[in-house]
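K.L.:
Dropping in entry07.txt, which is compact mmCIF, C-alpha atoms and all ligand atoms:
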# COMPACT_ATOMS: atom_id res chain seq x y z
CA MET Q 578 25.50 80.02 54.72
CA LEU Q 579 22.59 81.88 56.28
CA THR Q 580 19.97 82.86 53.72
CA LYS Q 581 16.72 84.79 53.69
CA GLU Q 582 14.77 81.73 52.51
CA ASN Q 583 15.13 80.21 55.98
CA GLY Q 584 13.17 82.98 57.68
CA ILE Q 585 9.72 82.77 59.30
CA HIS Q 586 7.75 85.91 59.99
CA PHE Q 587 5.24 86.27 62.82
CA LYS Q 588 3.00 89.23 63.44
CA THR Q 589 2.94 88.48 67.17
CA ILE Q 590 4.83 85.85 69.08
CA SER Q 591 5.60 85.20 72.71
CA SER Q 592 9.37 85.42 72.18
CA THR Q 593 11.37 84.68 69.03
CA ASN Q 594 14.09 83.06 71.19
CA GLN Q 595 11.57 80.87 73.01
CA TYR Q 596 10.05 79.70 69.73
CA LEU Q 597 13.40 78.44 68.48
CA LEU Q 598 14.23 76.83 71.82
CA ASP Q 599 10.87 75.00 71.90
CA ASN Q 600 10.88 73.80 68.29
CA GLN Q 601 13.44 71.64 66.56
CA LEU Q 602 13.97 73.69 63.42
CA PRO Q 603 16.85 73.29 60.96
CA HIS Q 604 20.20 75.02 61.36
CA GLY Q 605 20.03 78.61 60.15
CA THR Q 606 16.28 79.06 60.63
CA PHE Q 607 15.52 82.56 61.74
CA ILE Q 608 12.41 84.20 63.12
CA ILE Q 609 11.39 87.80 62.87
CA ALA Q 610 8.33 89.25 64.54
CA ASP Q 611 6.43 92.53 64.48
CA SER Q 612 5.98 92.30 68.23
CA GLN Q 613 6.53 90.00 71.20
CA THR Q 614 4.26 89.45 74.19
CA HIS Q 615 7.02 88.04 76.40
CA GLY Q 616 10.23 89.41 74.97
CA ARG Q 617 13.06 88.86 77.38
CA GLY Q 618 16.57 90.08 77.98
CA ARG Q 619 19.45 88.82 80.03
CA HIS Q 620 19.07 88.12 83.73
CA ASN Q 621 15.31 87.64 83.21
CA ARG Q 622 14.75 91.27 82.40
CA LYS Q 623 11.87 92.19 80.09
CA TRP Q 624 12.57 93.36 76.58
CA TYR Q 625 10.00 95.90 75.41
CA ASP Q 626 9.14 96.62 71.81
CA ILE Q 627 6.99 98.97 69.78
CA PRO Q 628 4.98 96.82 67.33
CA GLN Q 629 6.39 97.06 63.78
CA SER Q 630 9.03 99.51 64.93
CA THR Q 631 11.51 97.23 66.71
CA PHE Q 632 13.76 94.74 64.95
CA LEU Q 633 13.06 91.43 66.72
CA PHE Q 634 15.15 88.58 65.43
CA SER Q 635 16.40 85.15 66.51
CA VAL Q 636 18.40 82.53 64.65
CA VAL Q 637 19.12 78.92 65.61
CA LEU Q 638 22.52 77.37 64.97
CA TYR Q 639 23.75 73.87 65.81
CA TYR Q 640 27.43 73.50 66.57
CA LYS Q 641 29.25 70.18 66.70
CA ASN Q 642 31.97 71.35 69.02
CA HIS Q 643 31.20 72.66 72.44
CA LEU Q 644 31.44 76.43 72.32
CA GLU Q 645 33.55 77.40 75.25
CA GLN Q 646 33.60 81.01 74.27
CA LEU Q 647 29.94 81.97 74.29
CA SER Q 648 30.99 85.47 75.30
CA TYR Q 649 32.74 86.01 72.08
CA LEU Q 650 29.79 84.71 70.10
CA SER Q 651 27.88 87.56 71.64
CA LEU Q 652 30.69 90.02 70.81
CA ILE Q 653 30.81 88.83 67.18
CA THR Q 654 27.03 89.23 67.02
CA ALA Q 655 27.37 92.81 68.31
CA LEU Q 656 30.09 93.42 65.73
CA CYS Q 657 27.80 92.10 62.96
CA VAL Q 658 24.97 94.39 64.13
CA ILE Q 659 27.27 97.43 64.08
CA GLU Q 660 28.84 96.63 60.71
CA ALA Q 661 25.37 95.93 59.24
CA ILE Q 662 24.15 99.34 60.46
CA HIS Q 663 27.20 101.05 58.93
CA GLN Q 664 26.47 99.37 55.59
CA LEU Q 665 22.78 100.29 55.77
CA PHE Q 666 23.63 103.94 56.44
CA ARG Q 667 26.12 104.01 53.55
CA ASP Q 668 23.43 102.62 51.23
CA LEU Q 669 20.89 105.17 52.45
CA ASN Q 670 23.46 107.95 52.03
CA LEU Q 671 23.11 108.90 55.65
CA PRO Q 672 25.94 109.99 57.95
CA GLU Q 673 27.63 107.23 59.92
CA LYS Q 674 26.34 106.48 63.43
CA ASN Q 675 28.60 106.44 66.44
CA LEU Q 676 28.27 102.87 67.69
CA PHE Q 677 29.94 100.84 70.43
CA ILE Q 678 29.99 97.32 71.78
CA LYS Q 679 29.23 97.38 75.48
CA TRP Q 680 30.79 94.15 76.69
CA PRO Q 681 29.35 91.57 76.84
CA ASN Q 682 26.16 91.97 74.86
CA ASP Q 683 24.87 95.45 74.12
CA VAL Q 684 25.19 97.89 71.27
CA LEU Q 685 25.32 101.50 72.38
CA MET Q 686 24.89 104.63 70.30
CA LEU Q 687 26.22 108.11 71.00
CA GLN Q 688 23.92 110.86 69.83
CA ASN Q 689 23.76 114.52 70.85
CA ASN Q 690 26.28 113.87 73.63
CA THR Q 691 24.14 111.15 75.16
CA ILE Q 692 24.94 107.50 75.10
CA GLY Q 693 22.05 105.05 75.01
CA LYS Q 694 21.27 101.40 74.37
CA LEU Q 695 20.40 100.71 70.77
CA ALA Q 696 20.33 96.91 70.77
CA GLY Q 697 20.55 93.97 73.14
CA ILE Q 698 21.69 90.43 72.43
CA LEU Q 699 20.46 87.33 74.24
CA ILE Q 700 22.18 84.02 73.56
CA GLU Q 701 20.55 80.88 74.93
CA THR Q 702 21.79 77.31 74.58
CA ILE Q 703 20.69 73.71 74.93
CA TYR Q 704 23.51 71.22 75.06
CA ASN Q 705 23.32 67.47 74.58
CA THR Q 706 26.00 64.96 73.68
CA GLU Q 707 25.46 65.15 69.92
CA GLN Q 708 25.07 68.81 69.37
CA TYR Q 709 25.10 72.24 70.84
CA LYS Q 710 21.98 74.23 70.06
CA VAL Q 711 22.46 77.96 70.22
CA VAL Q 712 19.77 80.60 69.78
CA ILE Q 713 21.00 84.12 69.13
CA GLY Q 714 18.36 86.78 69.74
CA ILE Q 715 18.65 90.44 68.84
CA GLY Q 716 16.34 93.28 69.75
CA LEU Q 717 17.11 96.61 68.10
CA ASN Q 718 15.22 99.86 68.53
CA TRP Q 719 14.57 100.64 64.87
CA LYS Q 720 12.33 103.70 65.14
CA GLY Q 721 11.14 105.32 68.33
CA VAL Q 722 11.85 103.89 71.76
CA PRO Q 723 9.54 102.01 74.09
CA SER Q 724 8.90 103.85 77.33
CA ILE Q 725 10.46 101.99 80.22
CA GLU Q 726 10.04 103.03 83.79
CA ASP Q 727 13.08 101.65 85.49
CA ASP Q 728 15.41 103.90 87.40
CA LYS Q 729 18.06 101.17 87.48
CA ILE Q 730 18.61 101.44 83.73
CA LYS Q 731 22.21 102.43 83.03
CA PHE Q 732 21.72 103.43 79.41
CA PRO Q 733 18.33 104.78 78.27
CA PRO Q 734 17.00 103.20 75.06
CA VAL Q 735 17.79 105.05 71.84
CA ALA Q 736 16.55 104.31 68.31
CA LEU Q 737 18.25 104.23 64.94
CA PHE Q 738 15.58 106.34 63.24
CA ASN Q 739 12.85 108.82 64.12
CA VAL Q 740 9.27 107.58 64.33
CA ASP Q 741 8.41 109.02 60.91
CA PHE Q 742 11.02 106.90 59.09
CA GLU Q 743 8.96 104.99 56.52
CA LYS Q 744 11.01 101.80 56.10
CA SER Q 745 10.17 98.75 58.19
CA PRO Q 746 12.67 96.89 60.41
CA SER Q 747 12.63 93.94 57.99
CA LEU Q 748 14.92 96.00 55.74
CA PHE Q 749 17.69 95.14 58.17
CA ILE Q 750 17.54 91.35 57.61
CA ASP Q 751 19.69 91.25 54.45
CA TYR Q 752 22.29 93.50 56.03
CA LEU Q 753 22.51 91.37 59.15
CA LEU Q 754 22.64 88.02 57.33
CA ASN Q 755 25.42 89.35 55.06
CA LYS Q 756 27.50 90.31 58.07
CA PHE Q 757 26.79 87.01 59.85
CA ASN Q 758 28.17 85.26 56.77
CA GLU Q 759 31.11 87.63 56.38
CA PHE Q 760 32.13 87.14 60.02
CA SER Q 761 31.51 83.36 59.93
CA ILE Q 762 28.94 83.17 62.70
CA GLU Q 763 28.42 79.52 61.75
CA ASN Q 764 32.02 78.79 62.59
CA PRO Q 765 32.86 81.05 65.51
CA TYR Q 766 36.20 79.59 66.51
CA ASP Q 767 38.39 82.28 65.06
CA PHE Q 768 37.88 85.15 67.46
CA VAL Q 769 41.47 86.31 67.16
CA SER Q 770 41.02 87.56 63.59
CA TYR Q 771 38.15 89.83 64.62
CA LYS Q 772 39.63 90.91 67.92
CA SER Q 773 41.13 94.16 66.70
CA LEU Q 774 37.86 95.17 65.05
CA ILE Q 775 35.96 94.37 68.25
CA HIS Q 776 38.46 96.47 70.18
CA GLN Q 777 37.80 99.44 67.91
CA TYR Q 778 34.22 99.46 69.14
CA HIS Q 779 35.01 98.49 72.74
CA PHE Q 780 33.06 101.00 74.84
CA LEU Q 781 34.52 100.07 78.23
CA HIS Q 782 38.14 100.34 77.16
CA ASN Q 783 40.12 102.52 79.59
CA LYS Q 784 37.05 103.22 81.68
CA ILE Q 785 37.07 102.91 85.45
CA ILE Q 786 34.49 100.51 86.77
CA LYS Q 787 33.42 99.51 90.24
CA PHE Q 788 33.05 95.78 90.71
CA GLY Q 789 32.22 94.54 94.19
CA ASN Q 790 33.66 97.29 96.37
CA LYS Q 791 36.83 97.79 94.33
CA LYS Q 792 37.71 100.03 91.42
CA TYR Q 793 39.32 98.71 88.24
CA LEU Q 794 40.66 100.04 85.00
CA VAL Q 795 39.23 98.15 82.03
CA GLU Q 796 41.88 96.82 79.70
CA ASN Q 797 41.04 94.68 76.71
CA ILE Q 798 38.98 91.59 75.96
CA ASP Q 799 40.91 88.33 76.05
CA ASP Q 800 40.88 85.48 73.52
CA LYS Q 801 37.90 83.87 75.23
CA GLY Q 802 35.87 87.05 75.10
CA PHE Q 803 36.35 87.73 78.82
CA LEU Q 804 37.02 91.21 80.18
CA ARG Q 805 40.44 91.99 81.61
CA LEU Q 806 40.60 94.47 84.48
CA LYS Q 807 43.46 95.93 86.44
CA ASP Q 808 43.03 96.83 90.10
CA GLU Q 809 44.68 99.74 91.92
CA ASP Q 810 47.73 97.55 92.74
CA ASN Q 811 48.14 96.72 89.04
CA LYS Q 812 46.87 93.19 89.62
CA MET Q 813 45.02 91.72 86.67
CA ILE Q 814 41.65 90.00 87.00
CA VAL Q 815 39.39 88.53 84.34
CA ILE Q 816 35.60 88.53 84.51
CA ASN Q 817 33.22 86.51 82.39
CA ASP Q 818 29.79 87.51 81.22
CA TRP Q 819 27.97 86.02 84.21
CA ASN Q 820 29.40 88.50 86.65
CA GLU Q 821 28.96 91.68 84.73
CA GLU Q 822 27.17 93.54 87.49
CA PHE Q 823 29.47 96.51 87.67
CA GLU Q 824 29.14 100.24 87.79
CA ILE Q 825 30.85 102.48 85.26
CA LEU Q 826 32.39 105.48 86.98
C1 LIG Q 901 19.28 92.29 76.67
O1 LIG Q 901 19.41 93.48 76.42
O2 LIG Q 901 19.39 91.85 77.84
C2 LIG Q 901 18.99 91.35 75.53
C3 LIG Q 901 17.71 91.68 74.83
C4 LIG Q 901 17.37 90.67 73.74
C5 LIG Q 901 16.00 90.90 73.15
C6 LIG Q 901 15.75 90.04 71.95
S1 LIG Q 901 14.32 90.53 71.05
C7 LIG Q 901 14.40 89.08 70.08
C8 LIG Q 901 14.77 87.94 71.01
N1 LIG Q 901 13.61 87.39 71.66
C9 LIG Q 901 13.61 87.60 72.98
O3 LIG Q 901 12.71 87.24 73.77
N2 LIG Q 901 14.71 88.28 73.34
C10 LIG Q 901 15.57 88.53 72.20
Just give me the structure as structure tokens.
Ligand code: BTN

P.N.:
Amino acid sequence: MLTKENGIHFKTISSTNQYLLDNQLPHGTFIIADSQTHGRGRHNRKWYDIPQSTFLFSVVLYYKNHLEQLSYLSLITALCVIEAIHQLFRDLNLPEKNLFIKWPNDVLMLQNNTIGKLAGILIETIYNTEQYKVVIGIGLNWKGVPSIEDDKIKFPPVALFNVDFEKSPSLFIDYLLNKFNEFSIENPYDFVSYKSLIHQYHFLHNKIIKFGNKKYLVENIDDKGFLRLKDEDNKMIVINDWNEEFEIL
């Protein structure tokens, strides 16, 4: 079970993911930081934060069995983030947020008719014969959004709260750990039981995307966490999370 006692807090750190990759810390150790100097996202992108206003979190887990379905680990993580936010908003008596999983690893939020990126997930692994070390990193825009000048960004960053919200991002830890335990993140071999819930939040469902120079209709996510697409001749293809460079039309 993941518990709060296994957390280490840093005011500033290079990257919470890197720290757990570099150090051999026990299963379930998590790091939170007020800010990162070298926060990173997928495909070597930078992850920007606002000190003390972004939820920066990484946890290390050791699995005995090789995890074939890393994509669904990232989908379950996104599901935990969304369900934790829903619980937090219920406890604060605030109206529910409109949240989506953007396959394979983002959490999007719809607000005032605009959809933006609320959180990103970065899963990194080190595999040797005895064990499979997995670091799950989450960056969530808690209050206010960092300014990013990048015209290639598909979804502009959005934050959960306004800048004047007085509670710190650390409030979110209990909510997230509870959901990690509820959805058995330590034993992520049972994707099928959470599949329908993941589909409820599946942002790309029924959207047309352009992949390569062809257009596809997005169907569902398969049992491995891969994305199933149908081309214009009704032929099915499956893409994994390494070739997610597609355009949403
Ligand atoms: C992405 O959107 O591509 C993933 C972003 C992941 C950012 C988080 S912040 C905490 C952890 N430490 C990092 O350096 N990255 C992840």

K.L.:
Looking at all atoms listed in the file, which of Q:Pro765, Q:Gly618, Q:Pro734, Q:Pro628 is the one that sits closest to ligand LIG 901 (chain Q)?

P.N.:
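Under the stated criterion, the closest residue is Q:Gly618.
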
K.L.:
Enumerate residues in contact with ligand LIG 901 (chain Q): an atom-to-atom distance of at most 7 Å, counting only C-alpha atoms and all ligand atoms. Format the result as a PyMOL selection string.

P.N.:
chain Q and resi 592-595+615-620+622+624+633-635+683+696-699+714-716

K.L.:
Hey, can you check how far CA of Glu822 in chain Q sits from CA of Lys710 in chain Q?

P.N.:
26.5 Å

K.L.:
Which of these, Q:Glu701, Q:Ile762, Q:Leu656, Q:Lys792, has the shortest distance to Asn621 in chain Q once you count all atoms listed in the file?

P.N.:
Q:Glu701

K.L.:
From the set Q:Asn764, Q:Gln688, Q:Ser591, Q:Ser745, which residue has the shortest atom-to-atom contact distance to Tyr639 in chain Q, counting all atoms listed in the file?

P.N.:
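Nearest candidate to Tyr639 in chain Q out of Q:Asn764, Q:Gln688, Q:Ser591, Q:Ser745: Q:Asn764.
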
K.L.:
In Å to one decimal, how far is CA of Ala610 in chain Q from CA of Lys623 in chain Q?

P.N.:
16.2 Å

K.L.:
Could you check how far CA of Tyr596 in chain Q sits from CA of Ile730 in chain Q, in Å to one decimal?

P.N.:
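Pair CA of Tyr596 in chain Q / CA of Ile730 in chain Q returns 27.2 Å.
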
K.L.:
Please provide as an NGL selection string all residues within 10 Å of Lys588 in chain Q, with the sequence filter that same-chain residues fewer than 6 positions apart are discarded (counting all atoms listed in the file).

P.N.:
:Q and (609-613 or 628-629)

K.L.:
Please produce an output containing C-alpha atoms for each residue in the selection, written as a tab-separated table (two decimals), in the frame of the given file.

P.N.:
chain	number	residue	atom	x	y	z
Q	609	ILE	CA	11.39	87.80	62.87
Q	610	ALA	CA	8.33	89.25	64.54
Q	611	ASP	CA	6.43	92.53	64.48
Q	612	SER	CA	5.98	92.30	68.23
Q	613	GLN	CA	6.53	90.00	71.20
Q	628	PRO	CA	4.98	96.82	67.33
Q	629	GLN	CA	6.39	97.06	63.78

K.L.:
With a distance cut-off of 12 Å and only C-alpha atoms, select the neighbouring residues of Val735 in chain Q, excluding the residue or stretch itself and same-chain residues fewer than 5 positions from it, and output the selection as a list in words.

P.N.:
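The residues that qualify are Thr631, Leu676, Val684, Leu685, Met686, Leu687, Gln688, Asn689, Thr691, Ile692, Gly693, Lys694, Leu695, Ala696, Gly697, Leu717, Asn718, Trp719, Lys720, Gly721, Val722, Pro723, Ser724, Ile725 and Val740 of chain Q.
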
K.L.:
If we count all atoms listed in the file, what is near Thr580 in chain Q at a cut-off of 9 Å, once residues fewer than 4 positions away on the same chain are taken out, given as a PyMOL selection string?

P.N.:
chain Q and resi 584+605-606+751+754-755

K.L.:
For Asn817 in chain Q, which residue among Q:Ile662, Q:Leu804, Q:Val712, Q:Ile585 is the nearest when counting all atoms listed in the file?

P.N.:
Q:Leu804

K.L.:
Might you pull out every residue within 7 Å of His663 in chain Q, with all atoms listed in the file counted and same-chain residues fewer than 4 positions away left off, and present them as a VMD selection string?

P.N.:
chain Q and resid 659 667 673

K.L.:
Would you kindly return, as a count of residues only, each protein, DNA or RNA residue with an atom no farther than 9 Å from any atom of His782 in chain Q, considering all atoms listed in the file and excluding same-chain residues fewer than 2 positions away?

P.N.:
11

K.L.:
Rank nothing, just name the residue among Q:Asp599, Q:Pro681, Q:Phe607, Q:Val769 nearest to Ile750 in chain Q, using all atoms listed in the file.

P.N.:
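With all atoms listed in the file as the atom set, the closest residue is Q:Phe607.
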
K.L.:
Would you mind telling me which residue in Q:Lys756, Q:Leu774, Q:Glu824, Q:Ile590 lies nearest to Phe677 in chain Q when using only C-alpha atoms?

P.N.:
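Nearest candidate to Phe677 in chain Q out of Q:Lys756, Q:Leu774, Q:Glu824, Q:Ile590: Q:Leu774.
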
K.L.:
For range 781-793 of chain Q, I'd like the enclosing box, axis-aligned and padded by 4 Å on every side, reported as JSON with centre and edge lengths in Å to one decimal.

P.N.:
{"center_x": 36.2, "center_y": 98.9, "center_z": 86.8, "size_x": 15.9, "size_y": 16.7, "size_z": 27.2}
